[in-house]
$ cat coords.txt   # compact mmCIF, C-alpha atoms and all ligand atoms
# COMPACT_ATOMS: atom_id res chain seq x y z
CA MET A 3 -0.90 27.22 -32.74
CA ARG A 4 -2.32 24.32 -30.74
CA PHE A 5 -4.60 26.41 -28.50
CA THR A 6 -6.19 28.88 -30.91
CA ASP A 7 -9.37 30.23 -29.28
CA GLN A 8 -9.18 27.72 -26.44
CA VAL A 9 -9.66 28.98 -22.89
CA VAL A 10 -6.76 27.92 -20.68
CA VAL A 11 -6.81 28.56 -16.91
CA VAL A 12 -3.49 28.40 -15.03
CA THR A 13 -3.49 28.51 -11.23
CA GLY A 14 -0.42 29.85 -9.46
CA ALA A 15 0.44 31.74 -12.66
CA GLY A 16 2.05 34.69 -10.88
CA GLN A 17 5.56 33.28 -11.19
CA GLY A 18 7.66 30.20 -11.91
CA ILE A 19 6.20 27.25 -13.81
CA GLY A 20 2.69 28.74 -13.86
CA LEU A 21 3.93 32.01 -15.38
CA ALA A 22 5.91 30.12 -18.05
CA THR A 23 2.88 27.95 -18.85
CA ALA A 24 0.48 30.89 -19.11
CA ARG A 25 2.85 32.80 -21.43
CA LEU A 26 3.47 29.78 -23.66
CA ALA A 27 -0.26 28.97 -23.88
CA ALA A 28 -0.93 32.58 -24.94
CA ARG A 29 1.82 32.38 -27.57
CA GLU A 30 0.05 29.28 -28.90
CA GLY A 31 -3.23 31.19 -29.36
CA ALA A 32 -5.01 30.53 -26.05
CA LYS A 33 -7.27 32.94 -24.24
CA VAL A 34 -5.59 32.67 -20.86
CA ALA A 35 -7.03 33.13 -17.37
CA VAL A 36 -4.26 33.87 -14.89
CA CYS A 37 -5.12 32.81 -11.32
CA ASP A 38 -2.98 33.53 -8.27
CA ARG A 39 -3.52 34.45 -4.64
CA ASP A 40 -1.16 37.43 -5.07
CA PRO A 41 -2.93 40.35 -6.84
CA GLY A 42 0.35 42.05 -7.87
CA SER A 43 1.61 38.96 -9.66
CA VAL A 44 -1.76 38.40 -11.36
CA SER A 45 -1.55 41.95 -12.79
CA SER A 46 2.07 41.59 -13.87
CA THR A 47 1.48 38.22 -15.62
CA VAL A 48 -1.58 39.58 -17.45
CA ALA A 49 0.35 42.72 -18.48
CA ARG A 50 3.28 40.63 -19.72
CA ILE A 51 1.06 38.35 -21.82
CA ARG A 52 -0.73 41.36 -23.35
CA GLU A 53 2.61 43.07 -24.12
CA GLU A 54 3.60 39.89 -25.95
CA GLY A 55 0.43 40.14 -28.07
CA GLY A 56 -1.56 37.52 -26.18
CA VAL A 57 -5.05 37.51 -24.66
CA ALA A 58 -5.35 37.26 -20.87
CA ILE A 59 -7.54 38.12 -17.93
CA GLY A 60 -6.62 37.89 -14.26
CA VAL A 61 -8.60 36.27 -11.44
CA CYS A 62 -7.31 36.62 -7.92
CA GLY A 63 -8.00 33.92 -5.35
CA ASP A 64 -6.74 31.20 -3.05
CA VAL A 65 -7.18 27.74 -4.60
CA SER A 66 -7.89 26.21 -1.19
CA ASN A 67 -10.92 28.46 -0.63
CA LEU A 68 -13.97 26.96 -2.39
CA THR A 69 -15.93 30.23 -2.31
CA GLN A 70 -13.06 32.01 -4.05
CA VAL A 71 -12.61 29.18 -6.58
CA ARG A 72 -16.32 29.38 -7.47
CA ALA A 73 -16.05 33.17 -7.85
CA ASN A 74 -12.94 32.77 -10.04
CA VAL A 75 -14.66 30.19 -12.27
CA ASP A 76 -17.67 32.54 -12.59
CA GLU A 77 -15.33 35.37 -13.66
CA VAL A 78 -13.69 33.18 -16.31
CA MET A 79 -17.09 31.97 -17.57
CA GLN A 80 -18.38 35.55 -17.79
CA ALA A 81 -15.29 36.72 -19.68
CA TYR A 82 -14.75 33.78 -22.04
CA GLY A 83 -17.92 31.61 -21.83
CA ARG A 84 -16.12 28.30 -21.28
CA ILE A 85 -13.05 26.53 -19.89
CA ASP A 86 -11.23 24.09 -22.20
CA VAL A 87 -8.03 23.51 -20.24
CA LEU A 88 -7.24 23.71 -16.53
CA ILE A 89 -3.66 23.66 -15.28
CA ASN A 90 -3.69 22.98 -11.53
CA ASN A 91 -0.25 24.43 -10.84
CA ALA A 92 -0.52 26.37 -7.53
CA GLY A 93 1.54 24.76 -4.79
CA ILE A 94 3.57 25.54 -1.69
CA LEU A 95 6.48 23.79 0.00
CA LYS A 96 8.10 24.32 3.39
CA HIS A 97 10.94 22.06 4.44
CA THR A 98 10.45 20.82 8.01
CA PRO A 99 11.50 17.54 9.69
CA ALA A 100 8.43 15.32 10.18
CA ARG A 101 8.76 15.38 13.97
CA LEU A 102 8.42 19.19 13.97
CA VAL A 103 5.55 19.65 11.48
CA GLU A 104 2.75 21.58 13.16
CA GLU A 105 -0.94 21.15 12.46
CA ALA A 106 -1.23 24.44 10.55
CA GLN A 107 1.61 23.57 8.15
CA TRP A 108 0.25 20.05 7.56
CA ARG A 109 -3.23 21.36 6.78
CA ARG A 110 -2.01 24.25 4.62
CA GLU A 111 0.15 22.12 2.31
CA ILE A 112 -2.59 19.50 1.89
CA ASP A 113 -5.17 22.28 1.34
CA VAL A 114 -3.20 24.18 -1.32
CA CYS A 115 -1.48 21.33 -3.18
CA LEU A 116 -4.26 18.71 -3.10
CA THR A 117 -7.64 20.14 -2.05
CA GLY A 118 -7.14 23.23 -4.23
CA ALA A 119 -6.56 21.03 -7.29
CA PHE A 120 -9.77 19.12 -6.56
CA PHE A 121 -11.81 22.32 -5.95
CA TRP A 122 -10.67 23.81 -9.28
CA ALA A 123 -11.16 20.56 -11.22
CA GLN A 124 -14.65 19.96 -9.83
CA THR A 125 -15.82 23.56 -10.26
CA ALA A 126 -14.45 23.95 -13.80
CA ALA A 127 -15.78 20.54 -14.84
CA VAL A 128 -19.30 21.20 -13.52
CA ALA A 129 -19.42 24.74 -14.96
CA SER A 130 -18.07 23.96 -18.42
CA MET A 131 -16.25 20.70 -19.21
CA ILE A 132 -19.01 18.20 -18.33
CA PRO A 133 -21.86 20.11 -20.05
CA ARG A 134 -19.71 20.68 -23.16
CA LYS A 135 -18.23 17.14 -23.01
CA GLN A 136 -14.75 18.52 -23.59
CA GLY A 137 -11.81 19.29 -21.40
CA ALA A 138 -8.21 18.67 -20.42
CA ILE A 139 -6.83 18.98 -16.91
CA VAL A 140 -3.14 18.84 -16.03
CA ASN A 141 -2.25 18.59 -12.36
CA LEU A 142 1.21 19.44 -11.04
CA GLY A 143 2.74 16.64 -9.03
CA SER A 144 6.42 16.50 -8.13
CA GLY A 145 9.31 14.11 -7.75
CA ALA A 146 7.85 13.96 -4.23
CA ALA A 147 4.63 12.57 -5.77
CA VAL A 148 6.31 9.36 -6.87
CA ALA A 149 8.99 8.84 -4.19
CA GLY A 150 9.73 9.84 -0.62
CA ALA A 151 11.57 13.10 0.02
CA PRO A 152 13.14 14.08 3.35
CA GLY A 153 11.89 17.12 5.25
CA SER A 154 8.70 17.48 3.22
CA THR A 155 6.17 15.08 4.78
CA SER A 156 3.01 17.11 4.19
CA TYR A 157 4.10 18.19 0.68
CA CYS A 158 5.02 14.60 -0.20
CA ALA A 159 1.68 13.28 1.10
CA ALA A 160 -0.25 16.00 -0.76
CA LYS A 161 1.61 15.39 -4.03
CA HIS A 162 1.14 11.59 -3.80
CA GLY A 163 -2.53 12.52 -3.35
CA VAL A 164 -2.41 14.55 -6.58
CA VAL A 165 -1.38 11.37 -8.44
CA GLY A 166 -4.38 9.56 -6.93
CA LEU A 167 -6.66 12.48 -7.76
CA THR A 168 -5.41 12.42 -11.37
CA ARG A 169 -6.14 8.73 -11.76
CA ALA A 170 -9.55 8.90 -10.03
CA LEU A 171 -10.76 11.83 -12.18
CA CYS A 172 -9.35 10.23 -15.35
CA VAL A 173 -11.36 7.08 -14.70
CA GLU A 174 -14.59 8.90 -13.78
CA TRP A 175 -14.56 11.74 -16.33
CA GLY A 176 -13.39 9.90 -19.44
CA GLN A 177 -17.11 9.43 -20.18
CA TYR A 178 -17.37 13.23 -20.54
CA ASN A 179 -14.35 13.40 -22.88
CA ILE A 180 -12.26 15.04 -20.15
CA ARG A 181 -8.62 13.97 -20.06
CA VAL A 182 -6.77 14.24 -16.74
CA ASN A 183 -2.99 13.97 -16.54
CA CYS A 184 -0.18 14.89 -14.19
CA VAL A 185 3.28 16.40 -14.73
CA CYS A 186 5.83 15.65 -12.02
CA PRO A 187 8.63 18.22 -12.21
CA GLY A 188 12.04 17.44 -10.87
CA ILE A 189 13.99 20.30 -9.37
CA THR A 190 13.28 23.41 -11.47
CA ALA A 191 14.78 26.91 -11.37
CA THR A 192 11.93 28.85 -9.71
CA GLU A 193 11.39 30.84 -6.54
CA MET A 194 10.18 27.65 -4.80
CA THR A 195 13.59 26.07 -5.40
CA MET A 196 15.48 29.27 -4.53
CA SER A 197 13.67 29.53 -1.19
CA VAL A 198 14.85 26.01 -0.29
CA ALA A 199 18.34 26.87 -1.59
CA ARG A 200 18.52 29.87 0.76
CA ASP A 201 17.75 27.68 3.80
CA TYR A 202 19.53 24.48 2.69
CA PRO A 203 22.12 25.27 -0.04
CA GLU A 204 23.74 21.82 0.28
CA ARG A 205 20.43 20.05 -0.36
CA ILE A 206 19.98 21.68 -3.78
CA ARG A 207 23.61 20.99 -4.77
CA GLN A 208 23.28 17.32 -3.76
CA ARG A 209 20.01 16.96 -5.63
CA GLU A 210 21.46 18.45 -8.81
CA GLN A 211 24.35 15.96 -8.63
CA ARG A 212 21.80 13.11 -8.68
CA ILE A 213 20.08 14.23 -11.89
CA PRO A 214 21.25 11.93 -14.71
CA LEU A 215 21.10 14.80 -17.23
CA GLY A 216 23.22 16.80 -14.79
CA HIS A 217 21.21 20.01 -14.44
CA MET A 218 17.91 21.28 -13.04
CA ALA A 219 15.01 22.05 -15.41
CA GLN A 220 13.89 25.52 -16.47
CA PRO A 221 10.24 26.63 -16.05
CA ASP A 222 9.80 26.50 -19.86
CA ASP A 223 10.77 22.80 -19.86
CA GLN A 224 7.84 22.12 -17.53
CA ALA A 225 5.50 24.41 -19.49
CA LYS A 226 6.19 22.51 -22.73
CA ALA A 227 5.41 19.13 -21.10
CA ILE A 228 2.27 20.53 -19.41
CA LEU A 229 0.96 21.99 -22.66
CA PHE A 230 1.75 18.80 -24.59
CA LEU A 231 -0.57 16.88 -22.22
CA ALA A 232 -3.18 19.67 -22.42
CA SER A 233 -3.12 19.76 -26.23
CA SER A 234 -4.74 17.63 -28.93
CA ASP A 235 -1.28 16.09 -29.51
CA ALA A 236 -2.14 14.04 -26.41
CA ALA A 237 -5.73 13.28 -27.51
CA SER A 238 -5.55 9.64 -26.42
CA ILE A 239 -3.51 10.19 -23.26
CA SER A 240 -5.32 10.28 -19.91
CA GLY A 241 -4.32 9.19 -16.43
CA HIS A 242 -0.64 9.56 -17.30
CA ILE A 243 1.97 10.61 -14.74
CA LEU A 244 4.83 12.28 -16.65
CA SER A 245 8.12 12.90 -14.86
CA VAL A 246 10.01 15.91 -16.22
CA ASP A 247 13.10 15.50 -14.10
CA GLY A 248 16.19 14.83 -16.22
CA GLY A 249 15.90 11.13 -15.40
CA THR A 250 15.84 11.47 -11.60
CA ALA A 251 12.86 9.14 -11.06
CA ALA A 252 14.65 6.43 -13.06
CA LEU A 253 17.52 6.50 -10.55
CA SER A 254 15.83 4.62 -7.72
CA SER A 255 18.47 1.92 -7.44
CA GLY A 256 20.50 3.61 -4.71
CA TYR A 257 23.33 4.45 -7.12
CA SER A 258 24.47 7.99 -7.89
CA ALA A 259 24.45 9.38 -11.43
CA PRO A 260 27.90 8.65 -12.93
CA ARG A 261 30.10 11.62 -13.86
CA ASP A 262 33.22 9.69 -14.92
CA GLY A 263 32.24 8.43 -18.37
CA HIS A 264 30.95 4.98 -17.23
N1 LIG A 301 10.19 24.29 -8.65
C1 LIG A 301 10.36 23.00 -8.47
O1 LIG A 301 11.51 22.51 -8.36
C2 LIG A 301 9.17 22.08 -8.42
C3 LIG A 301 9.44 20.71 -8.31
C4 LIG A 301 8.37 19.83 -8.24
C5 LIG A 301 7.08 20.30 -8.29
N2 LIG A 301 6.84 21.63 -8.39
C6 LIG A 301 5.43 22.06 -8.42
O2 LIG A 301 5.20 22.91 -9.53
C7 LIG A 301 4.20 23.89 -9.19
C8 LIG A 301 4.75 25.29 -9.45
O3 LIG A 301 5.94 25.44 -8.69
P1 LIG A 301 6.89 26.72 -8.81
O4 LIG A 301 8.25 26.23 -8.54
O5 LIG A 301 6.60 27.48 -10.03
O6 LIG A 301 6.38 27.52 -7.51
P2 LIG A 301 6.53 29.08 -7.12
O7 LIG A 301 6.54 29.11 -5.64
O8 LIG A 301 7.64 29.71 -7.87
O9 LIG A 301 5.15 29.69 -7.65
C9 LIG A 301 3.92 29.23 -7.14
C10 LIG A 301 2.83 30.23 -7.46
O10 LIG A 301 1.61 29.72 -6.86
C11 LIG A 301 0.97 30.77 -6.16
N3 LIG A 301 0.19 30.21 -5.06
C12 LIG A 301 0.67 29.62 -3.94
N4 LIG A 301 -0.33 29.26 -3.14
C13 LIG A 301 -1.48 29.63 -3.77
C14 LIG A 301 -2.85 29.53 -3.44
N5 LIG A 301 -3.23 29.01 -2.26
N6 LIG A 301 -3.76 29.96 -4.32
C15 LIG A 301 -3.38 30.53 -5.50
N7 LIG A 301 -2.08 30.66 -5.86
C16 LIG A 301 -1.15 30.21 -5.01
C17 LIG A 301 2.10 31.66 -5.67
O11 LIG A 301 1.64 32.98 -5.36
C18 LIG A 301 3.07 31.62 -6.85
O12 LIG A 301 2.78 32.62 -7.80
C19 LIG A 301 3.85 23.63 -7.72
O13 LIG A 301 2.69 22.82 -7.67
C20 LIG A 301 5.04 22.87 -7.20
O14 LIG A 301 4.72 22.05 -6.10
C21 LIG A 301 7.85 22.54 -8.45
$ encode --input "coords.txt" --output "structure tokens" --more "lines below"
Ligand SMILES: NC(=O)c1ccc[n+]([C@@H]2O[C@H](COP(=O)([O-])OP(=O)(O)OC[C@H]3O[C@@H](n4cnc5c(N)ncnc54)[C@H](O)[C@@H]3O)[C@@H](O)[C@H]2O)c1
Amino acid sequence: MRFTDQVVVVTGAGQGIGLATARLAAREGAKVAVCDRDPGSVSSTVARIREEGGVAIGVCGDVSNLTQVRANVDEVMQAYGRIDVLINNAGILKHTPARLVEEAQWRREIDVCLTGAFFWAQTAAVASMIPRKQGAIVNLGSGAAVAGAPGSTSYCAAKHGVVGLTRALCVEWGQYNIRVNCVCPGITATEMTMSVARDYPERIRQREQRIPLGHMAQPDDQAKAILFLASSDAASISGHILSVDGGTAALSSGYSAPRDGH
């Protein structure tokens, strides 16, 4: 039980990778705070964790809205008294060719994926981690955080920014014993992937063919990597960018993944 009595906040915990991470943290003894912009999914995640014997509260808010982030952090502090671990997981993706991206889409993806991660990190650190000189933050990057991806300019730019944010906070907050790391999922079986699959079925099939391990990840695969970096097992790891992608990031040579035994 690596998180016994630790307070773990997961943003975007209403479904997908965030849901899997919140449930796994609770199974490992954490007091979980479930954050999502969707009230129904906050309630259902909290109910599911409690049914499984875990401890959870829900806080509803949009990570890109600083007033709501401050209110959410206040709620967590009132309920639990501290924040030990922050998982900045909330993210959105809309596939659009760069020439057609409108201002609203550009701003929204940067706001949710990048600015939201900074708002949560800063607010949680000031409220709890810096005064207590203890904390671990895991930001969610993407394969699109470490390489270009077609049709996702604003997402790609935001996720590359998350890598920079991770490194900048790691360097500045090490003095407060706060570790800051980043998990970069490859394609993972969640609603985000399914929504792309509905619009561009070929794109998902082609991407799966290029994964050296041959299959997309499950949300639990990401949750395990996220919680490794958040746990004391990673006590000396900070500023690390961990790809959880079946080897996809290693395949940057222009070749395809072999399927013929070579
Ligand atoms: N699924 C993948 O293949 C994949 C690949 C690479 C990176 N990622 C990243 O992993 C993270 C989780 O992805 P997922 O596939 O589970 O996504 P998902 O779309 O299945 O779930 C995202 C959750 O975040 C919530 N959310 C969205 N915007 C929010 C906001 N402004 N404030 C609060 N909550 C918000 C949604 O309501 C939802 O519950 C994201 O950061 C995503 O970019 C996912």
$ residues_near_ligand --input "coords.txt" --ligand "ligand LIG 301 (chain A)" --cutoff "7 Å" --atoms "all atoms listed in the file" --output "VMD selection string"
chain A and resid 13 to 20 37 to 40 43 63 to 66 91 to 95 114 to 115 142 to 145 186 to 195
$ residues_near_point --input "coords.txt" --point "(-3.7, 20.1, 5.0)" --cutoff "12 Å" --atoms "only C-alpha atoms" --output "PDB file with C-alpha atoms, in the frame of the given file"
ATOM      1  CA  SER A  66      -7.890  26.210  -1.190  1.00  0.00           C
ATOM      2  CA  ILE A  94       3.570  25.540  -1.690  1.00  0.00           C
ATOM      3  CA  LEU A  95       6.480  23.790   0.000  1.00  0.00           C
ATOM      4  CA  VAL A 103       5.550  19.650  11.480  1.00  0.00           C
ATOM      5  CA  GLU A 104       2.750  21.580  13.160  1.00  0.00           C
ATOM      6  CA  GLU A 105      -0.940  21.150  12.460  1.00  0.00           C
ATOM      7  CA  ALA A 106      -1.230  24.440  10.550  1.00  0.00           C
ATOM      8  CA  GLN A 107       1.610  23.570   8.150  1.00  0.00           C
ATOM      9  CA  TRP A 108       0.250  20.050   7.560  1.00  0.00           C
ATOM     10  CA  ARG A 109      -3.230  21.360   6.780  1.00  0.00           C
ATOM     11  CA  ARG A 110      -2.010  24.250   4.620  1.00  0.00           C
ATOM     12  CA  GLU A 111       0.150  22.120   2.310  1.00  0.00           C
ATOM     13  CA  ILE A 112      -2.590  19.500   1.890  1.00  0.00           C
ATOM     14  CA  ASP A 113      -5.170  22.280   1.340  1.00  0.00           C
ATOM     15  CA  VAL A 114      -3.200  24.180  -1.320  1.00  0.00           C
ATOM     16  CA  CYS A 115      -1.480  21.330  -3.180  1.00  0.00           C
ATOM     17  CA  LEU A 116      -4.260  18.710  -3.100  1.00  0.00           C
ATOM     18  CA  THR A 117      -7.640  20.140  -2.050  1.00  0.00           C
ATOM     19  CA  GLY A 118      -7.140  23.230  -4.230  1.00  0.00           C
ATOM     20  CA  THR A 155       6.170  15.080   4.780  1.00  0.00           C
ATOM     21  CA  SER A 156       3.010  17.110   4.190  1.00  0.00           C
ATOM     22  CA  TYR A 157       4.100  18.190   0.680  1.00  0.00           C
ATOM     23  CA  CYS A 158       5.020  14.600  -0.200  1.00  0.00           C
ATOM     24  CA  ALA A 159       1.680  13.280   1.100  1.00  0.00           C
ATOM     25  CA  ALA A 160      -0.250  16.000  -0.760  1.00  0.00           C
ATOM     26  CA  LYS A 161       1.610  15.390  -4.030  1.00  0.00           C
ATOM     27  CA  GLY A 163      -2.530  12.520  -3.350  1.00  0.00           C
TER      28      GLY A 163
END
$ closest_residue --input "coords.txt" --among "A:Arg200, A:Leu229, A:Ala22, A:Pro152" --to "A:Ala100" --atoms "only C-alpha atoms"
A:Pro152
$ closest_residue --input "coords.txt" --among "A:Ala81, A:Leu244, A:Val75, A:Ala151" --to "A:Lys226" --atoms "all atoms listed in the file"
A:Leu244
$ atom_distance --input "coords.txt" --atom1 "atom CA of A:Thr98" --atom2 "atom CA of A:Gly153"
4.8 Å
$ closest_residue --input "coords.txt" --among "A:Ala126, A:Cys184, A:Leu21, A:Ala32" --to "A:Arg169" --atoms "all atoms listed in the file"
A:Cys184
$ atom_distance --input "coords.txt" --atom1 "atom CA of A:Asp222" --atom2 "atom CA of A:Arg50"
15.6 Å
$ atom_distance --input "coords.txt" --atom1 "atom CA of A:Phe5" --atom2 "atom CA of A:Val44"
21.1 Å
$ residues_around --input "coords.txt" --residues "A:Ser240" --least-positions-apart "2" --cutoff "6 Å" --atoms "only C-alpha atoms" --output "list of chain:residue names"
A:Arg181, A:Val182, A:Asn183, A:His242
$ write_last_selection --input "coords.txt" --atoms "C-alpha atoms" --output "mmCIF file, in the frame of the given file"
data_model
loop_
_atom_site.group_PDB
_atom_site.id
_atom_site.type_symbol
_atom_site.label_atom_id
_atom_site.label_comp_id
_atom_site.auth_asym_id
_atom_site.auth_seq_id
_atom_site.Cartn_x
_atom_site.Cartn_y
_atom_site.Cartn_z
ATOM 1 C CA ARG A 181 -8.620 13.970 -20.060
ATOM 2 C CA VAL A 182 -6.770 14.240 -16.740
ATOM 3 C CA ASN A 183 -2.990 13.970 -16.540
ATOM 4 C CA HIS A 242 -0.640 9.560 -17.300
#
$ decode --input "coords.txt" --residues "stretch 167-229 of chain A" --atoms "C-alpha atoms" --output "CSV table (one decimal), in the first residue's frame"
chain,number,residue,atom,x,y,z
A,167,LEU,CA,6.4,22.9,-17.5
A,168,THR,CA,7.5,19.6,-16.0
A,169,ARG,CA,11.2,20.4,-16.3
A,170,ALA,CA,10.8,24.1,-15.2
A,171,LEU,CA,8.9,23.1,-12.0
A,172,CYS,CA,11.3,20.2,-11.3
A,173,VAL,CA,14.2,22.6,-11.3
A,174,GLU,CA,12.5,25.3,-9.2
A,175,TRP,CA,10.7,23.2,-6.7
A,176,GLY,CA,13.3,20.5,-5.9
A,177,GLN,CA,14.3,22.9,-3.0
A,178,TYR,CA,10.9,22.2,-1.5
A,179,ASN,CA,11.2,18.5,-1.9
A,180,ILE,CA,8.6,18.5,-4.6
A,181,ARG,CA,9.2,16.0,-7.4
A,182,VAL,CA,7.7,16.8,-10.9
A,183,ASN,CA,7.5,14.2,-13.6
A,184,CYS,CA,5.6,13.5,-16.8
A,185,VAL,CA,4.0,10.4,-18.3
A,186,CYS,CA,3.6,10.4,-22.1
A,187,PRO,CA,0.9,7.9,-23.0
A,188,GLY,CA,0.9,6.4,-26.5
A,189,ILE,CA,-2.5,5.5,-27.9
A,190,THR,CA,-4.6,4.2,-25.1
A,191,ALA,CA,-8.1,2.6,-25.1
A,192,THR,CA,-10.2,5.5,-23.7
A,193,GLU,CA,-13.0,7.7,-24.9
A,194,MET,CA,-10.5,10.2,-26.3
A,195,THR,CA,-9.1,7.6,-28.6
A,196,MET,CA,-12.6,6.3,-29.5
A,197,SER,CA,-13.8,9.8,-30.5
A,198,VAL,CA,-10.8,10.0,-32.9
A,199,ALA,CA,-11.6,6.5,-34.1
A,200,ARG,CA,-15.2,7.4,-34.9
A,201,ASP,CA,-14.0,10.3,-37.2
A,202,TYR,CA,-10.8,8.8,-38.6
A,203,PRO,CA,-11.0,4.9,-38.2
A,204,GLU,CA,-8.0,4.5,-40.5
A,205,ARG,CA,-5.8,6.7,-38.4
A,206,ILE,CA,-6.2,4.6,-35.3
A,207,ARG,CA,-5.5,1.3,-37.3
A,208,GLN,CA,-2.4,2.8,-38.8
A,209,ARG,CA,-1.1,4.0,-35.5
A,210,GLU,CA,-1.6,0.6,-33.9
A,211,GLN,CA,0.4,-1.0,-36.7
A,212,ARG,CA,3.3,1.3,-35.8
A,213,ILE,CA,3.5,0.2,-32.1
A,214,PRO,CA,6.4,-2.1,-31.7
A,215,LEU,CA,4.5,-4.1,-29.0
A,216,GLY,CA,1.7,-4.4,-31.5
A,217,HIS,CA,-1.3,-3.1,-29.4
A,218,MET,CA,-2.6,0.0,-27.8
A,219,ALA,CA,-2.3,0.5,-24.0
A,220,GLN,CA,-5.1,0.1,-21.5
A,221,PRO,CA,-5.9,2.9,-19.0
A,222,ASP,CA,-4.5,0.7,-16.1
A,223,ASP,CA,-1.1,0.6,-17.9
A,224,GLN,CA,-0.9,4.4,-17.7
A,225,ALA,CA,-2.2,4.4,-14.1
A,226,LYS,CA,0.5,2.1,-13.0
A,227,ALA,CA,3.3,4.2,-14.6
A,228,ILE,CA,1.7,7.5,-13.2
A,229,LEU,CA,1.5,6.1,-9.7
